[in-house]
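*Asks:* I am attaching a structure below and will ask some questions about it afterwards.
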Amino acid sequence: MTNSNEPVRFPDSFIWGAATASYQIEGAAREAGRGPSIWDTFSRTPGKVHAGHTGDVACDHYHRYRDDVALMAELGLHTYRFSIAWPRVQPDGTGPVNPYGLDFYDRLVDELRGRGIEPIITLYHWDLPQTLEDRGGWTNRETAEAFAEYARAVYARLGDRVQTWTTLNEPWCSAYLGYGAGVHAPGRTDPAATFQTVHHLLLGHGLANQALRAAGASTVGITVNPTSAFPADPASEADAKAVELVEDLQNRIFLDPILRGGYPQRILDHVSRFTSLDHIRDGDEKIIGEPIDLLGINYYSPTYLAARDGAPGGGGAFPGTEGIEFIAPEPPLTDMGWQIQPSGLTALLSKLGRDYPGVPMIITENGAAFPDQLHPAGDRVDDSDRVAYLDGHLRAAHAAIAAGVDLRGYLVWSLLDNFEWSYGYDKRFGIVYVDYLTQRRVPKASARWYQEVIRRNGIG
Ligand code: IFM
């Protein structure tokens, strides 16, 4: 990596942007016919979300999107990645499309394009319609089929103005945190359900990819959050094995079917310890393996692993990893307690570039929560810790490009402070501060810093 003062310049075509997600910012939870999602239910379940926070109002982006887009334009963003709330489009998850729900995204897309900002759409960032969960959620194959129908409906309305479509955001979180560890909606803790969900998410991705392409989409991809895992002792074979298993469960279980045509036998053997493989039908892997045009990578922090007798493993988030110690993160840490290690990003991108050649990558999320304080004057937030984090990670991304990785762009997480899932509004990831009492937006020092990065197409 370049040393921390050296100027770096990105390729001329490099794309700069910011990302958000529907439930985290929109609010307007009951407006214009939106149905309930699993996150509405989960956030109302006592004890699940910090201080009982919900996404009912969030950043009120649904009503303030024009001002938010103006802010994006001021910062010079080339692109804005946002997600569509499935329950706005199909309140019951299947059946009639709610045109009023799509109207919002129609207005948003026009506003973005009017300001010269390219939309990147994520079709699923975790807000599954509750009615689908009532029928088994992602453990039910029909949810994958419904997802493709929904994708078709969204494309029919927005496809004439949106070039880049991604199907799922971080399916590892949906499956393992939602159905395994129970810390995300729908809050289930069943390893069999976890692995059925993995497959149905992948199938949903594949069917939606086919549907989007058949409708004319030119750029279709998916966003994953692969682990950047390291052995605690680089000389230990047992630690290397631990890394291999955790990578299997978080990386290869998704990326091999998508980019290499199927699940490795080793993974199927592991999954069959928890559930029969009947949910994987002939022909599914072919659908999942249809070509994609872009791979979205979300990276925040590395993981260190050691083989240790009696270690409990990663629990529901990593079924079957007993005997593996997930080493406690070492400082420097973010406000999430996540270890700050930019070189983990270079290593991850390089490894993915080697293991899955031929598919361009884009960093669809990278950023950090810090305990930001609004200056008493009310007009600024000095988040030099976030600037340092972003600086380090951009240099790390640049190092990957210099080493030959086909990385096309970088989207910071997040444009705005927002609803950080089970942490509610307690954690602030935005480069723009949100005063939740007044909904006032205050660009932090990191936003101004990022504006300059975009202007210069680099640092320094
Ligand atoms: O806020 C989340 C986002 O929804 C998905 N990726 C990680 C972010 C930070 O935890």
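In the structure tokens, chains take the letters A, B, ... in the order shown, each chain's residues start at 1, and ligands count up from 1 in the order shown.
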What residues in range 6-228 of chain A get the DSSP label alpha helix (DSSP H)? Please answer as an mmCIF file with N, CA and C atoms, in the first residue's frame.
*Replies:*
data_model
loop_
_atom_site.group_PDB
_atom_site.id
_atom_site.type_symbol
_atom_site.label_atom_id
_atom_site.label_comp_id
_atom_site.auth_asym_id
_atom_site.auth_seq_id
_atom_site.Cartn_x
_atom_site.Cartn_y
_atom_site.Cartn_z
ATOM 1 N N SER A 22 -33.327 1.113 2.046
ATOM 2 C CA SER A 22 -34.694 1.603 2.254
ATOM 3 C C SER A 22 -35.090 1.674 3.731
ATOM 4 N N TYR A 23 -35.062 0.541 4.424
ATOM 5 C CA TYR A 23 -35.584 0.563 5.802
ATOM 6 C C TYR A 23 -34.738 1.463 6.696
ATOM 7 N N GLN A 24 -33.483 1.655 6.330
ATOM 8 C CA GLN A 24 -32.588 2.414 7.198
ATOM 9 C C GLN A 24 -32.803 3.924 7.101
ATOM 10 N N ILE A 25 -33.379 4.387 5.978
ATOM 11 C CA ILE A 25 -33.500 5.853 5.835
ATOM 12 C C ILE A 25 -34.892 6.369 5.483
ATOM 13 N N ILE A 38 -40.485 -7.611 7.588
ATOM 14 C CA ILE A 38 -39.990 -8.342 8.760
ATOM 15 C C ILE A 38 -39.247 -7.405 9.711
ATOM 16 N N TRP A 39 -38.698 -6.311 9.200
ATOM 17 C CA TRP A 39 -38.009 -5.389 10.107
ATOM 18 C C TRP A 39 -38.990 -4.536 10.907
ATOM 19 N N ASP A 40 -40.199 -4.270 10.368
ATOM 20 C CA ASP A 40 -41.219 -3.592 11.180
ATOM 21 C C ASP A 40 -41.579 -4.490 12.352
ATOM 22 N N THR A 41 -41.741 -5.761 12.067
ATOM 23 C CA THR A 41 -42.124 -6.709 13.115
ATOM 24 C C THR A 41 -40.998 -6.880 14.133
ATOM 25 N N PHE A 42 -39.798 -7.088 13.611
ATOM 26 C CA PHE A 42 -38.649 -7.373 14.485
ATOM 27 C C PHE A 42 -38.360 -6.175 15.400
ATOM 28 N N SER A 43 -38.408 -4.965 14.823
ATOM 29 C CA SER A 43 -38.053 -3.797 15.634
ATOM 30 C C SER A 43 -39.114 -3.522 16.700
ATOM 31 N N HIS A 61 -36.383 10.202 4.633
ATOM 32 C CA HIS A 61 -35.884 10.409 3.264
ATOM 33 C C HIS A 61 -37.033 10.342 2.250
ATOM 34 N N TYR A 62 -38.057 9.573 2.577
ATOM 35 C CA TYR A 62 -39.207 9.447 1.667
ATOM 36 C C TYR A 62 -39.757 10.837 1.332
ATOM 37 N N HIS A 63 -39.764 11.721 2.338
ATOM 38 C CA HIS A 63 -40.286 13.075 2.089
ATOM 39 C C HIS A 63 -39.185 14.072 1.740
ATOM 40 N N ARG A 64 -37.968 13.753 2.140
ATOM 41 C CA ARG A 64 -36.881 14.739 1.975
ATOM 42 C C ARG A 64 -35.902 14.363 0.874
ATOM 43 N N TYR A 65 -36.320 13.454 0.009
ATOM 44 C CA TYR A 65 -35.352 12.926 -0.967
ATOM 45 C C TYR A 65 -34.796 14.027 -1.872
ATOM 46 N N ARG A 66 -35.615 15.050 -2.148
ATOM 47 C CA ARG A 66 -35.109 16.113 -3.060
ATOM 48 C C ARG A 66 -33.918 16.818 -2.438
ATOM 49 N N ASP A 67 -34.045 17.175 -1.154
ATOM 50 C CA ASP A 67 -32.928 17.850 -0.473
ATOM 51 C C ASP A 67 -31.732 16.908 -0.380
ATOM 52 N N ASP A 68 -32.018 15.618 -0.128
ATOM 53 C CA ASP A 68 -30.904 14.663 -0.014
ATOM 54 C C ASP A 68 -30.174 14.515 -1.348
ATOM 55 N N VAL A 69 -30.918 14.521 -2.432
ATOM 56 C CA VAL A 69 -30.275 14.416 -3.745
ATOM 57 C C VAL A 69 -29.483 15.699 -4.032
ATOM 58 N N ALA A 70 -30.015 16.831 -3.599
ATOM 59 C CA ALA A 70 -29.272 18.092 -3.795
ATOM 60 C C ALA A 70 -27.929 18.023 -3.059
ATOM 61 N N LEU A 71 -27.962 17.443 -1.883
ATOM 62 C CA LEU A 71 -26.732 17.279 -1.097
ATOM 63 C C LEU A 71 -25.743 16.356 -1.828
ATOM 64 N N MET A 72 -26.276 15.269 -2.384
ATOM 65 C CA MET A 72 -25.414 14.336 -3.144
ATOM 66 C C MET A 72 -24.752 15.082 -4.302
ATOM 67 N N ALA A 73 -25.541 15.933 -4.971
ATOM 68 C CA ALA A 73 -24.994 16.676 -6.115
ATOM 69 C C ALA A 73 -23.915 17.638 -5.634
ATOM 70 N N GLU A 74 -24.173 18.272 -4.491
ATOM 71 C CA GLU A 74 -23.178 19.207 -3.947
ATOM 72 C C GLU A 74 -21.861 18.469 -3.658
ATOM 73 N N LEU A 75 -21.968 17.241 -3.179
ATOM 74 C CA LEU A 75 -20.757 16.469 -2.865
ATOM 75 C C LEU A 75 -20.082 15.930 -4.128
ATOM 76 N N TRP A 86 -39.403 -3.777 -0.969
ATOM 77 C CA TRP A 86 -40.351 -4.729 -1.595
ATOM 78 C C TRP A 86 -41.777 -4.489 -1.079
ATOM 79 N N PRO A 87 -41.979 -4.286 0.233
ATOM 80 C CA PRO A 87 -43.364 -4.091 0.692
ATOM 81 C C PRO A 87 -44.007 -2.773 0.257
ATOM 82 N N ARG A 88 -43.230 -1.850 -0.321
ATOM 83 C CA ARG A 88 -43.889 -0.690 -0.941
ATOM 84 C C ARG A 88 -44.439 -1.075 -2.308
ATOM 85 N N VAL A 89 -43.714 -1.983 -2.969
ATOM 86 C CA VAL A 89 -44.067 -2.334 -4.348
ATOM 87 C C VAL A 89 -45.146 -3.416 -4.365
ATOM 88 N N PRO A 99 -48.891 0.808 -7.415
ATOM 89 C CA PRO A 99 -48.232 1.840 -8.244
ATOM 90 C C PRO A 99 -47.747 3.021 -7.418
ATOM 91 N N TYR A 100 -48.416 3.285 -6.290
ATOM 92 C CA TYR A 100 -48.017 4.444 -5.471
ATOM 93 C C TYR A 100 -46.653 4.198 -4.817
ATOM 94 N N GLY A 101 -46.393 2.935 -4.508
ATOM 95 C CA GLY A 101 -45.086 2.600 -3.938
ATOM 96 C C GLY A 101 -43.985 2.850 -4.960
ATOM 97 N N LEU A 102 -44.237 2.413 -6.194
ATOM 98 C CA LEU A 102 -43.242 2.623 -7.240
ATOM 99 C C LEU A 102 -43.094 4.095 -7.600
ATOM 100 N N ASP A 103 -44.162 4.878 -7.392
ATOM 101 C CA ASP A 103 -44.088 6.317 -7.710
ATOM 102 C C ASP A 103 -42.924 6.972 -6.983
ATOM 103 N N PHE A 104 -42.714 6.568 -5.736
ATOM 104 C CA PHE A 104 -41.634 7.196 -4.963
ATOM 105 C C PHE A 104 -40.287 6.980 -5.654
ATOM 106 N N TYR A 105 -40.030 5.750 -6.080
ATOM 107 C CA TYR A 105 -38.733 5.449 -6.700
ATOM 108 C C TYR A 105 -38.623 6.108 -8.084
ATOM 109 N N ASP A 106 -39.772 6.244 -8.733
ATOM 110 C CA ASP A 106 -39.820 6.942 -10.007
ATOM 111 C C ASP A 106 -39.353 8.388 -9.816
ATOM 112 N N ARG A 107 -39.895 9.028 -8.796
ATOM 113 C CA ARG A 107 -39.512 10.428 -8.517
ATOM 114 C C ARG A 107 -38.031 10.504 -8.143
ATOM 115 N N LEU A 108 -37.594 9.550 -7.321
ATOM 116 C CA LEU A 108 -36.197 9.556 -6.864
ATOM 117 C C LEU A 108 -35.236 9.385 -8.052
ATOM 118 N N VAL A 109 -35.551 8.440 -8.924
ATOM 119 C CA VAL A 109 -34.689 8.188 -10.086
ATOM 120 C C VAL A 109 -34.635 9.434 -10.974
ATOM 121 N N ASP A 110 -35.764 10.057 -11.197
ATOM 122 C CA ASP A 110 -35.772 11.262 -12.042
ATOM 123 C C ASP A 110 -34.968 12.384 -11.400
ATOM 124 N N GLU A 111 -35.122 12.517 -10.096
ATOM 125 C CA GLU A 111 -34.387 13.571 -9.390
ATOM 126 C C GLU A 111 -32.872 13.333 -9.507
ATOM 127 N N LEU A 112 -32.472 12.082 -9.330
ATOM 128 C CA LEU A 112 -31.043 11.750 -9.416
ATOM 129 C C LEU A 112 -30.516 12.043 -10.814
ATOM 130 N N ARG A 113 -31.212 11.540 -11.802
ATOM 131 C CA ARG A 113 -30.733 11.715 -13.181
ATOM 132 C C ARG A 113 -30.741 13.183 -13.590
ATOM 133 N N GLY A 114 -31.735 13.905 -13.071
ATOM 134 C CA GLY A 114 -31.791 15.343 -13.348
ATOM 135 C C GLY A 114 -30.568 16.065 -12.803
ATOM 136 N N GLN A 130 -43.750 -9.023 5.343
ATOM 137 C CA GLN A 130 -44.060 -9.904 6.475
ATOM 138 C C GLN A 130 -44.936 -11.088 6.046
ATOM 139 N N THR A 131 -45.830 -10.839 5.093
ATOM 140 C CA THR A 131 -46.713 -11.938 4.658
ATOM 141 C C THR A 131 -45.900 -13.109 4.096
ATOM 142 N N LEU A 132 -44.779 -12.791 3.447
ATOM 143 C CA LEU A 132 -43.940 -13.888 2.928
ATOM 144 C C LEU A 132 -43.261 -14.628 4.078
ATOM 145 N N GLU A 133 -42.831 -13.885 5.076
ATOM 146 C CA GLU A 133 -42.229 -14.556 6.242
ATOM 147 C C GLU A 133 -43.265 -15.456 6.916
ATOM 148 N N ASP A 134 -44.506 -15.008 6.943
ATOM 149 C CA ASP A 134 -45.562 -15.824 7.554
ATOM 150 C C ASP A 134 -45.730 -17.149 6.824
ATOM 151 N N ARG A 141 -39.189 -22.029 -0.886
ATOM 152 C CA ARG A 141 -38.743 -21.817 -2.279
ATOM 153 C C ARG A 141 -39.589 -20.774 -3.010
ATOM 154 N N GLU A 142 -40.870 -20.702 -2.632
ATOM 155 C CA GLU A 142 -41.765 -19.751 -3.318
ATOM 156 C C GLU A 142 -41.314 -18.307 -3.139
ATOM 157 N N THR A 143 -40.577 -18.033 -2.064
ATOM 158 C CA THR A 143 -40.093 -16.661 -1.867
ATOM 159 C C THR A 143 -39.103 -16.287 -2.968
ATOM 160 N N ALA A 144 -38.301 -17.262 -3.396
ATOM 161 C CA ALA A 144 -37.350 -16.998 -4.482
ATOM 162 C C ALA A 144 -38.103 -16.684 -5.771
ATOM 163 N N GLU A 145 -39.179 -17.433 -5.991
ATOM 164 C CA GLU A 145 -39.964 -17.198 -7.211
ATOM 165 C C GLU A 145 -40.658 -15.840 -7.137
ATOM 166 N N ALA A 146 -41.176 -15.515 -5.949
ATOM 167 C CA ALA A 146 -41.840 -14.214 -5.765
ATOM 168 C C ALA A 146 -40.849 -13.072 -5.985
ATOM 169 N N PHE A 147 -39.607 -13.298 -5.561
ATOM 170 C CA PHE A 147 -38.591 -12.248 -5.705
ATOM 171 C C PHE A 147 -38.368 -11.902 -7.185
ATOM 172 N N ALA A 148 -38.379 -12.923 -8.030
ATOM 173 C CA ALA A 148 -38.186 -12.672 -9.461
ATOM 174 C C ALA A 148 -39.362 -11.883 -10.045
ATOM 175 N N GLU A 149 -40.573 -12.195 -9.571
ATOM 176 C CA GLU A 149 -41.765 -11.439 -10.017
ATOM 177 C C GLU A 149 -41.646 -9.982 -9.632
ATOM 178 N N TYR A 150 -41.228 -9.788 -8.397
ATOM 179 C CA TYR A 150 -41.060 -8.422 -7.875
ATOM 180 C C TYR A 150 -39.987 -7.678 -8.693
ATOM 181 N N ALA A 151 -38.882 -8.366 -8.978
ATOM 182 C CA ALA A 151 -37.804 -7.742 -9.768
ATOM 183 C C ALA A 151 -38.345 -7.292 -11.123
ATOM 184 N N ARG A 152 -39.168 -8.158 -11.713
ATOM 185 C CA ARG A 152 -39.757 -7.851 -13.028
ATOM 186 C C ARG A 152 -40.613 -6.587 -12.940
ATOM 187 N N ALA A 153 -41.400 -6.484 -11.859
ATOM 188 C CA ALA A 153 -42.296 -5.327 -11.702
ATOM 189 C C ALA A 153 -41.499 -4.034 -11.531
ATOM 190 N N VAL A 154 -40.420 -4.099 -10.778
ATOM 191 C CA VAL A 154 -39.623 -2.885 -10.562
ATOM 192 C C VAL A 154 -38.942 -2.490 -11.871
ATOM 193 N N TYR A 155 -38.427 -3.495 -12.576
ATOM 194 C CA TYR A 155 -37.741 -3.184 -13.837
ATOM 195 C C TYR A 155 -38.714 -2.560 -14.845
ATOM 196 N N ALA A 156 -39.948 -3.083 -14.857
ATOM 197 C CA ALA A 156 -40.933 -2.571 -15.827
ATOM 198 C C ALA A 156 -41.152 -1.072 -15.622
ATOM 199 N N ARG A 157 -41.036 -0.614 -14.398
ATOM 200 C CA ARG A 157 -41.269 0.808 -14.127
ATOM 201 C C ARG A 157 -40.004 1.655 -14.263
ATOM 202 N N LEU A 158 -38.861 1.113 -13.875
ATOM 203 C CA LEU A 158 -37.656 1.951 -13.791
ATOM 204 C C LEU A 158 -36.571 1.580 -14.808
ATOM 205 N N PRO A 171 -26.291 -11.451 1.271
ATOM 206 C CA PRO A 171 -27.132 -12.601 1.629
ATOM 207 C C PRO A 171 -26.621 -13.351 2.861
ATOM 208 N N TRP A 172 -25.336 -13.250 3.172
ATOM 209 C CA TRP A 172 -24.836 -13.895 4.399
ATOM 210 C C TRP A 172 -25.594 -13.341 5.617
ATOM 211 N N GLY A 178 -30.187 -13.533 10.227
ATOM 212 C CA GLY A 178 -31.651 -13.526 10.324
ATOM 213 C C GLY A 178 -32.250 -14.856 10.725
ATOM 214 N N TYR A 179 -31.690 -15.962 10.192
ATOM 215 C CA TYR A 179 -32.298 -17.283 10.429
ATOM 216 C C TYR A 179 -31.433 -18.186 11.308
ATOM 217 N N PRO A 191 -30.219 -23.715 12.327
ATOM 218 C CA PRO A 191 -29.214 -23.901 11.267
ATOM 219 C C PRO A 191 -29.780 -24.503 9.988
ATOM 220 N N ALA A 192 -30.784 -25.367 10.111
ATOM 221 C CA ALA A 192 -31.373 -25.935 8.882
ATOM 222 C C ALA A 192 -32.010 -24.812 8.070
ATOM 223 N N ALA A 193 -32.763 -23.963 8.768
ATOM 224 C CA ALA A 193 -33.402 -22.824 8.087
ATOM 225 C C ALA A 193 -32.338 -21.913 7.471
ATOM 226 N N THR A 194 -31.217 -21.769 8.156
ATOM 227 C CA THR A 194 -30.145 -20.906 7.643
ATOM 228 C C THR A 194 -29.682 -21.379 6.267
ATOM 229 N N PHE A 195 -29.410 -22.684 6.162
ATOM 230 C CA PHE A 195 -28.865 -23.179 4.895
ATOM 231 C C PHE A 195 -29.935 -23.260 3.801
ATOM 232 N N GLN A 196 -31.184 -23.511 4.189
ATOM 233 C CA GLN A 196 -32.261 -23.456 3.179
ATOM 234 C C GLN A 196 -32.380 -22.024 2.654
ATOM 235 N N THR A 197 -32.254 -21.078 3.590
ATOM 236 C CA THR A 197 -32.322 -19.666 3.206
ATOM 237 C C THR A 197 -31.184 -19.287 2.266
ATOM 238 N N VAL A 198 -29.979 -19.747 2.573
ATOM 239 C CA VAL A 198 -28.848 -19.465 1.678
ATOM 240 C C VAL A 198 -29.228 -19.866 0.254
ATOM 241 N N HIS A 199 -29.737 -21.093 0.124
ATOM 242 C CA HIS A 199 -30.014 -21.590 -1.230
ATOM 243 C C HIS A 199 -31.144 -20.802 -1.894
ATOM 244 N N HIS A 200 -32.182 -20.502 -1.134
ATOM 245 C CA HIS A 200 -33.312 -19.805 -1.764
ATOM 246 C C HIS A 200 -32.961 -18.352 -2.100
ATOM 247 N N LEU A 201 -32.091 -17.760 -1.305
ATOM 248 C CA LEU A 201 -31.611 -16.418 -1.674
ATOM 249 C C LEU A 201 -30.840 -16.499 -2.992
ATOM 250 N N LEU A 202 -29.970 -17.503 -3.080
ATOM 251 C CA LEU A 202 -29.191 -17.659 -4.318
ATOM 252 C C LEU A 202 -30.120 -17.929 -5.508
ATOM 253 N N LEU A 203 -31.107 -18.772 -5.272
ATOM 254 C CA LEU A 203 -32.052 -19.067 -6.354
ATOM 255 C C LEU A 203 -32.817 -17.793 -6.731
ATOM 256 N N GLY A 204 -33.233 -17.036 -5.715
ATOM 257 C CA GLY A 204 -33.923 -15.764 -5.978
ATOM 258 C C GLY A 204 -33.048 -14.846 -6.808
ATOM 259 N N HIS A 205 -31.770 -14.796 -6.453
ATOM 260 C CA HIS A 205 -30.827 -13.985 -7.240
ATOM 261 C C HIS A 205 -30.812 -14.461 -8.697
ATOM 262 N N GLY A 206 -30.685 -15.774 -8.869
ATOM 263 C CA GLY A 206 -30.576 -16.325 -10.229
ATOM 264 C C GLY A 206 -31.837 -16.077 -11.045
ATOM 265 N N LEU A 207 -32.997 -16.288 -10.414
ATOM 266 C CA LEU A 207 -34.256 -16.081 -11.149
ATOM 267 C C LEU A 207 -34.451 -14.607 -11.476
ATOM 268 N N ALA A 208 -34.082 -13.736 -10.524
ATOM 269 C CA ALA A 208 -34.225 -12.295 -10.772
ATOM 270 C C ALA A 208 -33.250 -11.860 -11.863
ATOM 271 N N ASN A 209 -32.051 -12.408 -11.841
ATOM 272 C CA ASN A 209 -31.059 -12.099 -12.883
ATOM 273 C C ASN A 209 -31.645 -12.449 -14.257
ATOM 274 N N GLN A 210 -32.214 -13.643 -14.346
ATOM 275 C CA GLN A 210 -32.819 -14.054 -15.630
ATOM 276 C C GLN A 210 -33.947 -13.111 -16.027
ATOM 277 N N ALA A 211 -34.795 -12.764 -15.038
ATOM 278 C CA ALA A 211 -35.960 -11.915 -15.342
ATOM 279 C C ALA A 211 -35.518 -10.523 -15.794
ATOM 280 N N LEU A 212 -34.521 -9.976 -15.118
ATOM 281 C CA LEU A 212 -34.045 -8.630 -15.458
ATOM 282 C C LEU A 212 -33.440 -8.626 -16.853
ATOM 283 N N ARG A 213 -32.638 -9.637 -17.117
ATOM 284 C CA ARG A 213 -31.975 -9.726 -18.411
ATOM 285 C C ARG A 213 -32.997 -9.911 -19.536
ATOM 286 N N ALA A 214 -33.991 -10.781 -19.277
ATOM 287 C CA ALA A 214 -35.017 -11.011 -20.310
ATOM 288 C C ALA A 214 -35.776 -9.716 -20.588
ATOM 289 N N ALA A 215 -35.882 -8.864 -19.561
ATOM 290 C CA ALA A 215 -36.601 -7.607 -19.754
ATOM 291 C C ALA A 215 -35.719 -6.534 -20.384
#
*Asks:* Run DSSP on the backbone and give me the residues of range 250-449 of chain A it puts in strand (DSSP E or B), as number ranges by chain.
*Replies:* A: 294-298, 303-307, 324-326, 333, 339, 361-365, 407-413, 416, 432-435, 440-443
*Asks:* Mind listing the residues within 7 Å of ligand 1, only C-alpha atoms and all ligand atoms counted, as a list in words?
*Replies:*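 Answer in the requested format: Ala21, Glu170, Asn298, Glu365, Trp413, Glu420 and Trp421 of chain A.
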*Asks:* From the set A:His393, A:His50, A:Arg161, A:Arg440, which residue has the shortest atom-to-atom contact distance to Leu374 in chain A, counting only C-alpha atoms?
*Replies:*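 The closest residue to Leu374 in chain A is A:Arg440.
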*Asks:* Could you tell me which of A:Phe10, A:Phe82, A:Tyr436, A:Trp165 comes closest to Phe419 in chain A if we count only C-alpha atoms?
*Replies:*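 Of the candidates, the smallest distance to Phe419 in chain A is held by A:Tyr436.
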*Asks:* By how many Å are CA of Leu77 in chain A and CA of Tyr450 in chain A apart?
*Replies:* 9.3 Å
*Asks:* For Ser446 in chain A, which of A:Ala311, A:Ala396, A:Val434, A:Leu390 is the closest residue, counting only C-alpha atoms?
*Replies:*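 Comparing A:Ala311, A:Ala396, A:Val434, A:Leu390 against Ser446 in chain A, the winner is A:Leu390.
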*Asks:* Pick out the residues sitting within 8 Å of Gln339 in chain A, and hand them over as a list in words; count only C-alpha atoms, and ignore anything fewer than 3 positions along from it in its own chain.
*Replies:*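 Listed by chain and then number, they are Ser301, Pro302, Pro329, Glu330, Pro331, Pro332, Leu333 and Thr334 of chain A.
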*Asks:* Go through A:Arg44, A:Arg456, A:Arg408, A:Arg266 one by one, measure the shortest atom-to-atom distance of each to Ile15 in chain A using only C-alpha atoms, and give the residue with the smallest value.
*Replies:*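 Of the candidates, the smallest distance to Ile15 in chain A is held by A:Arg408.
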*Asks:* Under the rule that only C-alpha atoms are counted, which of A:Pro257, A:Gly367, A:Pro312, A:Gly378 is the nearest residue to Ile327 in chain A?
*Replies:*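 The shortest atom-to-atom distance to Ile327 in chain A comes from A:Pro312.
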*Asks:* For Ala447 in chain A, list every protein, DNA or RNA residue within 9 Å, evaluated using only C-alpha atoms, and leave out those in the same chain fewer than 5 positions away; present the list as a ChimeraX atom specification.
*Replies:* /A:75,387,415,430-432,452
*Asks:* Nearest residue to Tyr410 in chain A out of A:Asn169, A:Thr364, A:Gln90, A:Ser350, using only C-alpha atoms?
*Replies:*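 Under the stated criterion, the closest residue is A:Thr364.
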*Asks:* So the first atom is CA of Gly93 in chain A and the second is CA of Leu277 in chain A; what is the distance between them in Å, to one decimal place?
*Replies:*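 These two atoms are separated by 26.2 Å.
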